[in-house]
Every structure is written in structure tokens, then in C-alpha cells.
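Asker: Attaching a single structure in C-alpha cells format; questions to follow.
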Amino acid sequence: DALLKRLSQDRPWAEVHELARSRQDRPCLALCLTEGELSRPQRLAIWVQARQHAWESGSSWVARGLAEWLVSDHPRAAALRQKSEIWIVPIMDVDNVATGNGGKEAFPQDHNRDWTDQPIYPEVAAAQQQLRRLSAEGRLALFLDLHNPAPGDVRPFFFVCPDETLTETGRRNLDRWLMVCRAEMTGPLVLSDQPRVSGASYDPLWKQMSKNWVAAHAPPFAVSATLETAWNTPASNTAGYRTLGMQLGLAIERYLREDPRR
């Protein structure tokens, strides 16, 4: 909350929104960035969320590094703000973060298995509402869900949607997205060359995972993926996470130099 207040202060193009009140009546906040004269209907939208699993705290630090870079004076950050609408949710599972619980596979539902037509968590329902709106407007270009993986995973990697669920344009855009991420995420946390697929063989509830739900509801050109950032390495600290977040911003800017709708 303090981060979003600081980043939006004295920046009229940076707005903090209360996305929802949680089941335990805590605010789930989001930062929205839209700078410049371009109207919102003309802007492609980017949605980045973190910490659907409360104990995966590194994901919030990646989101912080991204948000800090996005509001900076870096010319590539400024260029991205001028032509896009960027949403960042640093903490989705606000209740389990506040109470110190793990969150993953927690009762009554894992946040990242709650993406259904009737979600349990108000923050998931609110995110779905916004994402449906952006998709209906034909503007949602990129959805990223930030996580931390298993202890043996020593490099960040992407979980992507099953190939058969993507359109030809979607597959082409995903390939280009992965290419620009490999070019930008060069260390100290170096992106793996190999993405992984989370479909039916990964989890029977795969359709209820955020990126798969978004892919099923997004425009055919949209890229929807989960970034898993290694937490059990010497570089898996706040500085390393924030650097990866900055590099994620650079990758987004590079990716959107080309119109993904074409």
C-alpha cells in the first residue's frame, strides 16, 4: 500500500484503485498507468498481478521492480506509458499475506484455482471483471501472473498455455514474447530457454488457473503466461527480484514496439 501511494504521488497519470475488498475486508489495490494524450480506447492493455500464493513473496518484489521502472524517467518506460494502459496488482491474496499463511492449496480454495464463473475470492472476481472489460474492448494484449516455483528450479521460467488452446496469431505472439524476454532477462536471474506447459497433464483444474482462464476469454492475439522466479539461489533476493522486474518492463516495451493484433 505504501509503495503504490509513493509511486502515484505527484503523478496524475498513475492512479491507485481498490480492486476489491477481500473476504476478511482488506483492500486489494491496483496501480493503473496511462500517461499522455492518447485516449484509452486507443491503448493496448497490460495486466500484471503477483502473489496469488501468499508465501511466494518474491513475486511481489518482481512486481515492485516492474512498477518502479514503469514510473521512472527511463525513456523506454516513458514510451510505454504513452501508448498503453498498464495495471499492476502487487498482492492478490491479501488475507493470507496479512495473516502469515501460505495460501497455496489452502481452504476453501487456492487462489490460482479459483478462476471460474463463480470465484470464491472477491479479488479474483474483480480482476476477472476488469479483464473481461479490457478483452471486450479488444485491448488486452498481455496478461502476466507472477509466482515463485519449486526449490529445485534455479532459473526463472514461464508457464504457458497448451498449444491447442491458442490461435495462430496467439502462438506467433507467444513465440515473439518469449524471444524478447530472453533478450532482456539476462541476469543475475537468467530466464530459462524452455517454457513449461500447464494443461490437463499438469493439473486437473488447469482451466481454473488464471492464465488459462484469461487465454480463454481474451482476444485471440493476447499473450497470457505465468512467470515463475527462482527463489532458492544466491541472486534470489530483493535486489535480484527488482532487477528482474525492471527487465520484465523492458521486455514489455520491446514486445509492444510491434502491434500484436497484426
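Ligands are numbered from 1 in the order shown, residues from 1 within each chain, and chains are lettered A, B, ... in the order they appear in the C-alpha cells.
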Taking the DSSP assignment computed from this structure's backbone, write out as a ChimeraX atom specification all residues of segment 42-247 of chain A that belong to strand (DSSP E or B).
Answerer: /A:44-50,84-89,140-147,157-160,186,190,196-197,223-228
Asker: Write the residues you've just listed into a file as a CSV table (one decimal), in the first residue's frame, and include N, CA and C atoms for each of them.
Answerer:
chain,number,residue,atom,x,y,z
A,44,LEU,N,-3.4,-0.3,-26.0
A,44,LEU,CA,-3.4,-1.7,-25.7
A,44,LEU,C,-3.2,-1.9,-24.1
A,45,ALA,N,-3.8,-2.9,-23.5
A,45,ALA,CA,-3.7,-3.0,-22.1
A,45,ALA,C,-2.8,-4.2,-21.7
A,46,ILE,N,-2.1,-3.9,-20.6
A,46,ILE,CA,-1.2,-4.9,-20.0
A,46,ILE,C,-1.7,-5.1,-18.5
A,47,TRP,N,-1.8,-6.4,-18.1
A,47,TRP,CA,-2.2,-6.7,-16.7
A,47,TRP,C,-1.2,-7.6,-16.1
A,48,VAL,N,-0.6,-7.1,-15.0
A,48,VAL,CA,0.4,-7.9,-14.3
A,48,VAL,C,-0.1,-8.0,-12.8
A,49,GLN,N,-0.1,-9.3,-12.3
A,49,GLN,CA,-0.5,-9.5,-10.9
A,49,GLN,C,0.5,-10.4,-10.2
A,50,ALA,N,0.6,-10.3,-8.9
A,50,ALA,CA,1.5,-11.1,-8.2
A,50,ALA,C,0.9,-11.6,-6.9
A,84,SER,N,0.1,2.8,-23.8
A,84,SER,CA,-0.6,1.6,-23.2
A,84,SER,C,-1.3,2.0,-21.9
A,85,GLU,N,-2.1,1.0,-21.5
A,85,GLU,CA,-2.7,1.1,-20.2
A,85,GLU,C,-2.2,-0.1,-19.4
A,86,ILE,N,-1.5,0.2,-18.3
A,86,ILE,CA,-0.8,-0.8,-17.5
A,86,ILE,C,-1.4,-1.0,-16.1
A,87,TRP,N,-1.8,-2.2,-15.8
A,87,TRP,CA,-2.4,-2.5,-14.5
A,87,TRP,C,-1.4,-3.4,-13.8
A,88,ILE,N,-1.1,-3.1,-12.5
A,88,ILE,CA,-0.3,-3.9,-11.7
A,88,ILE,C,-1.0,-4.1,-10.3
A,89,VAL,N,-1.1,-5.4,-10.0
A,89,VAL,CA,-1.7,-5.8,-8.7
A,89,VAL,C,-0.5,-6.5,-7.9
A,140,LEU,N,-6.8,-6.0,-24.5
A,140,LEU,CA,-5.9,-6.8,-23.7
A,140,LEU,C,-4.9,-7.5,-24.5
A,141,ALA,N,-3.6,-7.1,-24.4
A,141,ALA,CA,-2.5,-7.6,-25.2
A,141,ALA,C,-1.7,-8.6,-24.4
A,142,LEU,N,-1.6,-8.4,-23.1
A,142,LEU,CA,-0.6,-9.2,-22.3
A,142,LEU,C,-1.1,-9.3,-20.9
A,143,PHE,N,-1.2,-10.6,-20.4
A,143,PHE,CA,-1.5,-10.9,-19.0
A,143,PHE,C,-0.4,-11.7,-18.4
A,144,LEU,N,0.1,-11.3,-17.3
A,144,LEU,CA,1.2,-12.0,-16.6
A,144,LEU,C,0.9,-12.2,-15.1
A,145,ASP,N,1.0,-13.4,-14.7
A,145,ASP,CA,0.8,-13.8,-13.3
A,145,ASP,C,2.2,-14.1,-12.7
A,146,LEU,N,2.6,-13.5,-11.7
A,146,LEU,CA,3.9,-13.6,-11.1
A,146,LEU,C,3.9,-14.6,-9.9
A,147,HIS,N,4.8,-15.6,-9.9
A,147,HIS,CA,4.9,-16.6,-8.9
A,147,HIS,C,6.3,-16.9,-8.6
A,157,PHE,N,11.3,-19.1,-15.2
A,157,PHE,CA,10.8,-19.7,-16.5
A,157,PHE,C,9.3,-19.3,-16.6
A,158,PHE,N,8.7,-19.5,-17.8
A,158,PHE,CA,7.3,-19.2,-18.0
A,158,PHE,C,6.6,-20.5,-18.1
A,159,PHE,N,5.4,-20.5,-17.4
A,159,PHE,CA,4.3,-21.5,-17.7
A,159,PHE,C,3.5,-20.8,-18.8
A,160,VAL,N,3.2,-21.6,-19.9
A,160,VAL,CA,2.4,-21.1,-21.0
A,160,VAL,C,1.2,-22.0,-21.2
A,186,THR,N,18.6,-11.1,-18.6
A,186,THR,CA,19.9,-11.7,-18.7
A,186,THR,C,20.7,-11.8,-17.4
A,190,VAL,N,18.7,-15.3,-14.7
A,190,VAL,CA,18.7,-15.5,-16.2
A,190,VAL,C,17.5,-16.4,-16.5
A,196,ARG,N,7.4,-24.0,-19.8
A,196,ARG,CA,6.7,-25.2,-19.5
A,196,ARG,C,5.2,-25.0,-19.7
A,197,VAL,N,4.5,-26.1,-20.0
A,197,VAL,CA,3.0,-26.0,-20.3
A,197,VAL,C,2.2,-26.5,-19.1
A,223,VAL,N,-1.3,-12.5,-25.3
A,223,VAL,CA,-0.4,-13.5,-24.6
A,223,VAL,C,-0.8,-13.5,-23.2
A,224,SER,N,-0.9,-14.8,-22.6
A,224,SER,CA,-1.2,-15.0,-21.2
A,224,SER,C,-0.3,-16.0,-20.7
A,225,ALA,N,0.5,-15.6,-19.7
A,225,ALA,CA,1.5,-16.5,-19.2
A,225,ALA,C,1.8,-16.3,-17.7
A,226,THR,N,2.4,-17.3,-17.1
A,226,THR,CA,2.9,-17.2,-15.7
A,226,THR,C,4.4,-17.1,-15.6
A,227,LEU,N,4.9,-16.1,-14.9
A,227,LEU,CA,6.4,-16.0,-14.7
A,227,LEU,C,6.7,-16.6,-13.4
A,228,GLU,N,7.5,-17.6,-13.3
A,228,GLU,CA,8.0,-18.2,-12.1
A,228,GLU,C,9.4,-17.8,-11.9
Asker: Please run DSSP on the backbone and report, as a ChimeraX atom specification, all residues within segment 15-257 of chain A that come out as alpha helix (DSSP H).
Answerer: /A:58-70,75-83,94-99,122-136,168-184,210-217,238-255
Asker: I want to know what sits within 6 Å of Met209 of chain A, based on only C-alpha atoms, with residues of the same chain fewer than 4 positions away left out; could you give that as a ChimeraX atom specification?
Answerer: /A:112-113,115
Asker: Using Å and a single decimal, report how far atom CA of Leu205 of chain A sits from atom CA of Asn232 of chain A.
Answerer: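 Going from atom CA of Asn232 of chain A over to atom CA of Leu205 of chain A, I get 26.9 Å.
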Asker: With a distance cut-off of 12 Å and only C-alpha atoms, select the neighbouring residues of Thr233 of chain A, excluding the residue or stretch itself and same-chain residues fewer than 3 positions from it, and output the selection as a PyMOL selection string.
Answerer: chain A and resi 58+148-156+188-190+229-230+236-238+240-241
Asker: Go ahead and save the residues from that selection, with all heavy atoms, as a tab-separated table (two decimals), in the first residue's frame.
Answerer:
chain	number	residue	atom	x	y	z
A	58	GLY	N	8.63	-13.42	-3.29
A	58	GLY	CA	9.49	-12.88	-4.34
A	58	GLY	C	8.70	-12.29	-5.49
A	58	GLY	O	9.16	-11.34	-6.15
A	148	ASN	N	6.52	-17.78	-7.58
A	148	ASN	CA	7.81	-18.43	-7.31
A	148	ASN	C	7.62	-19.93	-7.43
A	148	ASN	O	6.57	-20.45	-7.03
A	148	ASN	CB	8.32	-18.10	-5.91
A	148	ASN	CG	8.63	-16.63	-5.72
A	148	ASN	OD1	8.15	-16.01	-4.78
A	148	ASN	ND2	9.41	-16.04	-6.62
A	149	PRO	N	8.61	-20.67	-7.99
A	149	PRO	CA	8.42	-22.09	-8.28
A	149	PRO	C	8.91	-23.00	-7.15
A	149	PRO	O	9.02	-22.59	-5.99
A	149	PRO	CB	9.27	-22.26	-9.54
A	149	PRO	CG	10.42	-21.32	-9.30
A	149	PRO	CD	9.86	-20.15	-8.54
A	150	ALA	N	9.25	-24.23	-7.51
A	150	ALA	CA	9.75	-25.21	-6.54
A	150	ALA	C	11.21	-24.91	-6.18
A	150	ALA	O	11.90	-24.20	-6.92
A	150	ALA	CB	9.63	-26.62	-7.14
A	151	PRO	N	11.71	-25.43	-5.05
A	151	PRO	CA	13.07	-25.09	-4.62
A	151	PRO	C	14.16	-25.54	-5.58
A	151	PRO	O	15.23	-24.94	-5.62
A	151	PRO	CB	13.20	-25.79	-3.26
A	151	PRO	CG	12.13	-26.82	-3.24
A	151	PRO	CD	11.02	-26.26	-4.05
A	152	GLY	N	13.92	-26.58	-6.37
A	152	GLY	CA	14.93	-27.05	-7.30
A	152	GLY	C	15.01	-26.29	-8.60
A	152	GLY	O	15.92	-26.54	-9.40
A	153	ASP	N	14.10	-25.37	-8.82
A	153	ASP	CA	14.11	-24.56	-10.04
A	153	ASP	C	15.04	-23.37	-9.84
A	153	ASP	O	14.73	-22.46	-9.08
A	153	ASP	CB	12.70	-24.07	-10.38
A	153	ASP	CG	11.76	-25.20	-10.76
A	153	ASP	OD1	12.16	-26.03	-11.59
A	153	ASP	OD2	10.64	-25.25	-10.22
A	154	VAL	N	16.18	-23.39	-10.52
A	154	VAL	CA	17.23	-22.39	-10.26
A	154	VAL	C	17.23	-21.24	-11.26
A	154	VAL	O	18.04	-20.32	-11.14
A	154	VAL	CB	18.62	-23.05	-10.22
A	154	VAL	CG1	18.69	-24.04	-9.06
A	154	VAL	CG2	18.94	-23.74	-11.54
A	155	ARG	N	16.34	-21.29	-12.26
A	155	ARG	CA	16.23	-20.19	-13.22
A	155	ARG	C	14.76	-19.82	-13.39
A	155	ARG	O	13.88	-20.69	-13.35
A	155	ARG	CB	16.83	-20.57	-14.57
A	155	ARG	CG	18.35	-20.73	-14.54
A	155	ARG	CD	18.90	-21.24	-15.86
A	155	ARG	NE	18.68	-20.31	-16.96
A	155	ARG	CZ	19.10	-20.54	-18.21
A	155	ARG	NH1	19.74	-21.67	-18.49
A	155	ARG	NH2	18.89	-19.65	-19.15
A	156	PRO	N	14.47	-18.54	-13.56
A	156	PRO	CA	13.09	-18.16	-13.87
A	156	PRO	C	12.62	-18.83	-15.16
A	156	PRO	O	13.42	-19.10	-16.06
A	156	PRO	CB	13.17	-16.64	-14.05
A	156	PRO	CG	14.44	-16.23	-13.38
A	156	PRO	CD	15.38	-17.38	-13.52
A	188	PRO	N	20.95	-10.82	-12.86
A	188	PRO	CA	21.53	-12.04	-12.27
A	188	PRO	C	20.62	-13.26	-12.30
A	188	PRO	O	21.09	-14.38	-12.15
A	188	PRO	CB	21.84	-11.63	-10.84
A	188	PRO	CG	20.84	-10.56	-10.52
A	188	PRO	CD	20.65	-9.81	-11.81
A	189	LEU	N	19.31	-13.04	-12.46
A	189	LEU	CA	18.38	-14.16	-12.62
A	189	LEU	C	18.11	-14.33	-14.11
A	189	LEU	O	17.40	-13.52	-14.71
A	189	LEU	CB	17.09	-13.89	-11.84
A	189	LEU	CG	17.24	-13.92	-10.31
A	189	LEU	CD1	16.08	-13.21	-9.63
A	189	LEU	CD2	17.36	-15.36	-9.81
A	190	VAL	N	18.69	-15.34	-14.71
A	190	VAL	CA	18.65	-15.52	-16.16
A	190	VAL	C	17.46	-16.40	-16.54
A	190	VAL	O	17.31	-17.51	-16.03
A	190	VAL	CB	19.96	-16.15	-16.67
A	190	VAL	CG1	19.93	-16.32	-18.18
A	190	VAL	CG2	21.16	-15.31	-16.24
A	229	THR	N	9.67	-17.06	-10.77
A	229	THR	CA	11.00	-16.54	-10.49
A	229	THR	C	11.66	-17.36	-9.39
A	229	THR	O	11.15	-17.45	-8.27
A	229	THR	CB	10.93	-15.06	-10.08
A	229	THR	OG1	10.32	-14.32	-11.13
A	229	THR	CG2	12.32	-14.51	-9.81
A	230	ALA	N	12.81	-17.95	-9.71
A	230	ALA	CA	13.53	-18.81	-8.77
A	230	ALA	C	13.79	-18.09	-7.45
A	230	ALA	O	14.22	-16.95	-7.43
A	230	ALA	CB	14.85	-19.25	-9.39
A	236	SER	N	18.46	-14.73	-5.58
A	236	SER	CA	17.03	-14.65	-5.24
A	236	SER	C	16.84	-13.82	-3.97
A	236	SER	O	16.52	-14.33	-2.89
A	236	SER	CB	16.45	-16.05	-5.07
A	236	SER	OG	16.61	-16.80	-6.25
A	237	ASN	N	17.09	-12.54	-4.12
A	237	ASN	CA	16.93	-11.59	-3.02
A	237	ASN	C	16.20	-10.37	-3.55
A	237	ASN	O	15.85	-10.30	-4.73
A	237	ASN	CB	18.30	-11.22	-2.44
A	237	ASN	CG	19.29	-10.81	-3.52
A	237	ASN	OD1	18.94	-10.08	-4.45
A	237	ASN	ND2	20.52	-11.29	-3.43
A	238	THR	N	15.95	-9.40	-2.70
A	238	THR	CA	15.13	-8.27	-3.13
A	238	THR	C	15.76	-7.52	-4.30
A	238	THR	O	15.06	-7.09	-5.22
A	238	THR	CB	14.87	-7.31	-1.97
A	238	THR	OG1	16.12	-6.87	-1.41
A	238	THR	CG2	14.06	-7.99	-0.88
A	240	GLY	N	17.79	-8.82	-6.63
A	240	GLY	CA	17.66	-9.65	-7.81
A	240	GLY	C	16.24	-9.66	-8.35
A	240	GLY	O	16.03	-9.58	-9.57
A	241	TYR	N	15.27	-9.74	-7.45
A	241	TYR	CA	13.87	-9.72	-7.88
A	241	TYR	C	13.52	-8.39	-8.56
A	241	TYR	O	12.87	-8.36	-9.60
A	241	TYR	CB	12.94	-9.92	-6.68
A	241	TYR	CG	13.01	-11.27	-6.03
A	241	TYR	CD1	13.02	-11.38	-4.64
A	241	TYR	CD2	13.05	-12.45	-6.77
A	241	TYR	CE1	13.07	-12.61	-4.00
A	241	TYR	CE2	13.10	-13.68	-6.15
A	241	TYR	CZ	13.11	-13.76	-4.76
A	241	TYR	OH	13.16	-14.98	-4.15
Asker: May I have a table of the residues of segment 48-121 of chain A lying at most 8 Å from segment 6-11 of chain A, giving each one's closest pair of atoms and their distance in Å to one decimal, counting only C-alpha atoms, ordered by chain and ascending residue number, as a Markdown table?
Answerer:
| residue | atom | partner | partner_atom | distance |
| --- | --- | --- | --- | --- |
| A:Ala67 | CA | A:Leu7 | CA | 7.9 |
| A:Glu68 | CA | A:Leu7 | CA | 7.2 |
| A:Val71 | CA | A:Leu7 | CA | 7.0 |
Asker: Grab the residues selected above and save them as a PDB file, in the first residue's frame with N, CA and C atoms.
Answerer:
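Result file follows (again-v3.pdb):
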ATOM      1  N   ALA A  67       7.057  -1.993 -11.306  1.00  0.00           N
ATOM      2  CA  ALA A  67       6.318  -0.743 -11.088  1.00  0.00           C
ATOM      3  C   ALA A  67       7.267   0.439 -10.940  1.00  0.00           C
ATOM      4  N   GLU A  68       8.355   0.253 -10.201  1.00  0.00           N
ATOM      5  CA  GLU A  68       9.315   1.350 -10.030  1.00  0.00           C
ATOM      6  C   GLU A  68       9.938   1.757 -11.358  1.00  0.00           C
ATOM      7  N   VAL A  71       7.352   3.833 -13.654  1.00  0.00           N
ATOM      8  CA  VAL A  71       7.099   5.245 -13.349  1.00  0.00           C
ATOM      9  C   VAL A  71       8.367   6.088 -13.438  1.00  0.00           C
TER      10      VAL A  71
END
Asker: Find, counting only C-alpha atoms, the residue in A:Gln247, A:Gln208, A:Gln24, A:Ser135 that gets nearest to Pro220 of chain A.
Answerer: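 Of A:Gln247, A:Gln208, A:Gln24, A:Ser135, the one nearest Pro220 of chain A, counting only C-alpha atoms, is A:Ser135.
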Asker: Could you give me, as a list in words, the residues within 7 Å of Asp93 of chain A, counting only C-alpha atoms and dropping anything in the same chain fewer than 6 positions from it?
Answerer: Arg51, Gln52, His53 and Ala54 of chain A
Asker: Mind giving me the straight-line distance from atom CA of Arg172 of chain A to atom CA of Pro75 of chain A in Å, one decimal?
Answerer: 27.4 Å
Asker: Have a look at A:Ser60, A:Ala239, A:Trp13, A:Arg261 and name the one nearest to Gly36 of chain A; count only C-alpha atoms.
Answerer: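 Going through A:Ser60, A:Ala239, A:Trp13, A:Arg261 one by one, the smallest distance to Gly36 of chain A is for A:Trp13.
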Asker: Near Val62 of chain A, counting only C-alpha atoms, which residues have an atom at most 7 Å away, once you skip same-chain residues fewer than 2 positions from it, shown as JSON, numbers by chain?
Answerer: {"A": [58, 59, 60, 64, 65, 66, 241, 242, 244, 245]}
Asker: How would the residues just chosen look if you wrote them out with C-alpha atoms as a tab-separated table (two decimals), in the first residue's frame?
Answerer:
chain	number	residue	atom	x	y	z
A	58	GLY	CA	9.49	-12.88	-4.34
A	59	SER	CA	6.70	-12.29	-6.85
A	60	SER	CA	5.71	-9.08	-5.06
A	64	ARG	CA	7.77	-3.77	-7.27
A	65	GLY	CA	10.80	-3.66	-9.57
A	66	LEU	CA	8.48	-3.51	-12.56
A	241	TYR	CA	13.87	-9.72	-7.88
A	242	ARG	CA	13.62	-5.98	-8.52
A	244	LEU	CA	14.11	-8.97	-12.95
A	245	GLY	CA	11.03	-6.77	-12.60
Asker: Got a sec: who's within 7 Å of Ala14 of chain A, counting only C-alpha atoms, leaving out chain neighbours fewer than 2 positions off, as a list in words?
Answerer: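 Surrounding residues, per the criterion: Ser8, Arg11, Pro12, Val16, Leu31, Cys32, Leu33 and Thr34 of chain A.
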